[in-house]
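Student: Questions regarding the structure given below will be posed in turn.
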Amino acid sequence: AFEAYGQLSRVQIKPMTAISHFSDMHEDICASAESKRVALIILPFHKHLKLDGSLETTRHEFRLINQKCLQNAPCSVALLVDRGLGGSSHVAASNVSSVIHVFFFGGPDDREALAFGQRMSEHPGITLVVVRFIADPNMEGGEIVALDIGDTNGNSTNKESKEADEEVLNALKQKLSNDGSVKYEE
């Protein structure tokens with residue numbers, strides 16, 4: 001599936017297989033990501049969909065691996081939640097109709113999530129909805145807290161990060177589609 005996606009898109013895919021113990025698997029994942037200078041690690045969510053629609057934890061070890069990767073990764077990390085939309089049966093592109101939401105608060109991880117959402121929205125059956133959250137500076141009775149965690153190398157300043165956010169959002173707004181396949185809300 002990854003190789004087919006790489007051939008049909010502008011995304012470079014380099015699949016690999018490694019055998020690791022659960023206790024240090026996150027180290028192998030993060031070291032591999034750093035050596036290959038990847039922008040995004042995609043990990044399977046540790047819960048699976050049950051027949052009644054609820055989620056259950058099936059392998060506690062994967063939850064710990066996910067937590068350790070989120071803490072130590074040199075890049076953005078996404079957790080892929082399997083809602084049972086794929087599987088062994090092939091679904092024709094004309095039968096795909098999904099809405100992808102990207103909640104944008106700002107920062108390098110949100111910019112990466114937005115780029116990923118934009119790539120997914122290239123499929124004719126995908127609608128992308130970007131929801132940007134902006135704190136109201138006139139908010140009464142509340143407190144606005146800004147946390148600048150920097151980029152994955154710790155080099156970013158809050159001003160540079162905000163400028164990068166505005167740049168990607170302005171580019172998105174210019175590409176908003178007339179057919180409604182990409183939507184933007186604040």
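Convention: chains lettered A, B, ... in structure tokens order; per-chain residue numbering from 1; ligands numbered from 1 as shown.
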Just the residues within 8 Å of Thr58 of chain A, please, counting only C-alpha atoms, with nothing from its chain fewer than 6 positions along; format it as a ChimeraX atom specification.

Tutor: /A:46-48

Student: Could the residues in this selection be written to a file with C-alpha atoms, as a short mmCIF file (atom, residue, chain, number, x, y, z; two decimals), in the first residue's frame?

Tutor:
data_model
loop_
_atom_site.label_atom_id
_atom_site.label_comp_id
_atom_site.auth_asym_id
_atom_site.auth_seq_id
_atom_site.Cartn_x
_atom_site.Cartn_y
_atom_site.Cartn_z
CA HIS A 46 -2.84 1.03 20.46
CA LYS A 47 -6.63 0.69 20.50
CA HIS A 48 -8.81 -1.12 17.99
#

Student: Quick one: residues within 8 Å of Glu112 of chain A, only C-alpha atoms counted, chain neighbours fewer than 5 positions away excluded, as a ChimeraX atom specification?

Tutor: /A:39-40,76

Student: Now that the selection is made, can you save its residues with N, CA and C atoms as a JSON list (two decimals), in the first residue's frame?

Tutor:
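Result went into result34.json, see below:
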[["chain", "number", "residue", "atom", "x", "y", "z"],
["A", 39, "ALA", "N", 10.21, 13.40, 7.99],
["A", 39, "ALA", "CA", 9.39, 14.50, 8.50],
["A", 39, "ALA", "C", 8.27, 14.01, 9.41],
["A", 40, "LEU", "N", 7.87, 12.75, 9.23],
["A", 40, "LEU", "CA", 6.72, 12.25, 9.96],
["A", 40, "LEU", "C", 6.84, 10.75, 10.21],
["A", 76, "SER", "N", 7.80, 15.05, 13.76],
["A", 76, "SER", "CA", 6.39, 14.90, 14.12],
["A", 76, "SER", "C", 6.01, 13.43, 14.13]]

Student: Between A:Ile126, A:Leu114, A:Asn66, A:Arg119, which is the closest to Val99 of chain A once you count only C-alpha atoms?

Tutor: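 Looking only at the distances to Val99 of chain A, the closest residue turns out to be A:Ile126.
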
Student: Nearest to His101 of chain A: which of A:Ala171, A:His123, A:Ala33, A:Val131 is it, counting only C-alpha atoms?

Tutor: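 Closest candidate: A:Val131.
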
Student: I'd like the contact shell of Ser121 of chain A - 9 Å cut-off, only C-alpha atoms, skipping same-chain residues fewer than 4 positions apart - returned as a PyMOL selection string.

Tutor: chain A and resi 99-100+116-117+125-128+181-182

Student: How would the residues just chosen look if you wrote them out with N, CA and C atoms as a PDB file, in the first residue's frame?

Tutor:
ATOM      1  N   VAL A  99     -14.252  12.718   5.200  1.00  0.00           N
ATOM      2  CA  VAL A  99     -13.920  14.079   5.606  1.00  0.00           C
ATOM      3  C   VAL A  99     -12.776  13.989   6.608  1.00  0.00           C
ATOM      4  N   ILE A 100     -11.686  14.680   6.307  1.00  0.00           N
ATOM      5  CA  ILE A 100     -10.515  14.725   7.176  1.00  0.00           C
ATOM      6  C   ILE A 100     -10.496  16.103   7.839  1.00  0.00           C
ATOM      7  N   PHE A 116       0.090  16.934   5.633  1.00  0.00           N
ATOM      8  CA  PHE A 116      -0.392  15.566   5.434  1.00  0.00           C
ATOM      9  C   PHE A 116      -1.849  15.580   4.995  1.00  0.00           C
ATOM     10  N   GLY A 117      -2.663  16.411   5.646  1.00  0.00           N
ATOM     11  CA  GLY A 117      -4.068  16.539   5.263  1.00  0.00           C
ATOM     12  C   GLY A 117      -4.224  17.038   3.830  1.00  0.00           C
ATOM     13  N   GLY A 125     -12.141  11.756  -3.469  1.00  0.00           N
ATOM     14  CA  GLY A 125     -13.172  11.388  -2.507  1.00  0.00           C
ATOM     15  C   GLY A 125     -12.934  11.920  -1.110  1.00  0.00           C
ATOM     16  N   ILE A 126     -11.929  12.773  -0.946  1.00  0.00           N
ATOM     17  CA  ILE A 126     -11.570  13.288   0.378  1.00  0.00           C
ATOM     18  C   ILE A 126     -11.896  14.776   0.460  1.00  0.00           C
ATOM     19  N   THR A 127     -12.576  15.164   1.529  1.00  0.00           N
ATOM     20  CA  THR A 127     -12.808  16.569   1.838  1.00  0.00           C
ATOM     21  C   THR A 127     -11.952  16.919   3.049  1.00  0.00           C
ATOM     22  N   LEU A 128     -11.190  17.989   2.945  1.00  0.00           N
ATOM     23  CA  LEU A 128     -10.332  18.450   4.037  1.00  0.00           C
ATOM     24  C   LEU A 128     -10.966  19.675   4.686  1.00  0.00           C
ATOM     25  N   SER A 181     -13.897  20.863  -1.664  1.00  0.00           N
ATOM     26  CA  SER A 181     -13.121  19.728  -1.172  1.00  0.00           C
ATOM     27  C   SER A 181     -12.094  20.151  -0.121  1.00  0.00           C
ATOM     28  N   VAL A 182     -11.797  21.441  -0.033  1.00  0.00           N
ATOM     29  CA  VAL A 182     -10.931  21.977   1.021  1.00  0.00           C
ATOM     30  C   VAL A 182     -11.656  23.162   1.648  1.00  0.00           C
TER      31      VAL A 182
END

Student: Skipping near chain neighbours, those fewer than 6 positions away, what residues fall within 10 Å of Ile134 of chain A using only C-alpha atoms, listed as a PyMOL selection string?

Tutor: chain A and resi 104-106+186

Student: In terms of the shortest atom-to-atom distance over only C-alpha atoms, which of A:Cys69, A:Ala115, A:Ala31, A:Leu169 is closest to Arg132 of chain A?

Tutor: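 Of A:Cys69, A:Ala115, A:Ala31, A:Leu169, the one nearest Arg132 of chain A is A:Leu169, counting only C-alpha atoms.
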
Student: Distance atom CA of Cys75 of chain A-atom CA of Pro108 of chain A, one decimal place?

Tutor: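 Going from atom CA of Cys75 of chain A over to atom CA of Pro108 of chain A, I get 9.0 Å.
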
Student: Using Å and a single decimal, report how far atom CA of Tyr184 of chain A sits from atom CA of Asp165 of chain A.

Tutor: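 Pair atom CA of Asp165 of chain A / atom CA of Tyr184 of chain A returns 14.1 Å.
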
Student: Between atom CA of Asp109 of chain A and atom CA of Phe45 of chain A, what is the distance, to one decimal in Å?

Tutor: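 Separation of atom CA of Asp109 of chain A and atom CA of Phe45 of chain A: 17.6 Å.
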
Student: Restricting the calculation to only C-alpha atoms, which member of A:Arg63, A:His21, A:Lys68, A:Lys162 is positioned closest to Arg111 of chain A?

Tutor: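 Using only C-alpha atoms, Arg111 of chain A sits closest to A:Lys162.
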
Student: Give the helix (DSSP H, G or I) residues of segment 9-180 of chain A, as DSSP finds them on the backbone, and put them as a PyMOL selection string.

Tutor: chain A and resi 22-36+60-72+93-95+108-120+158-174
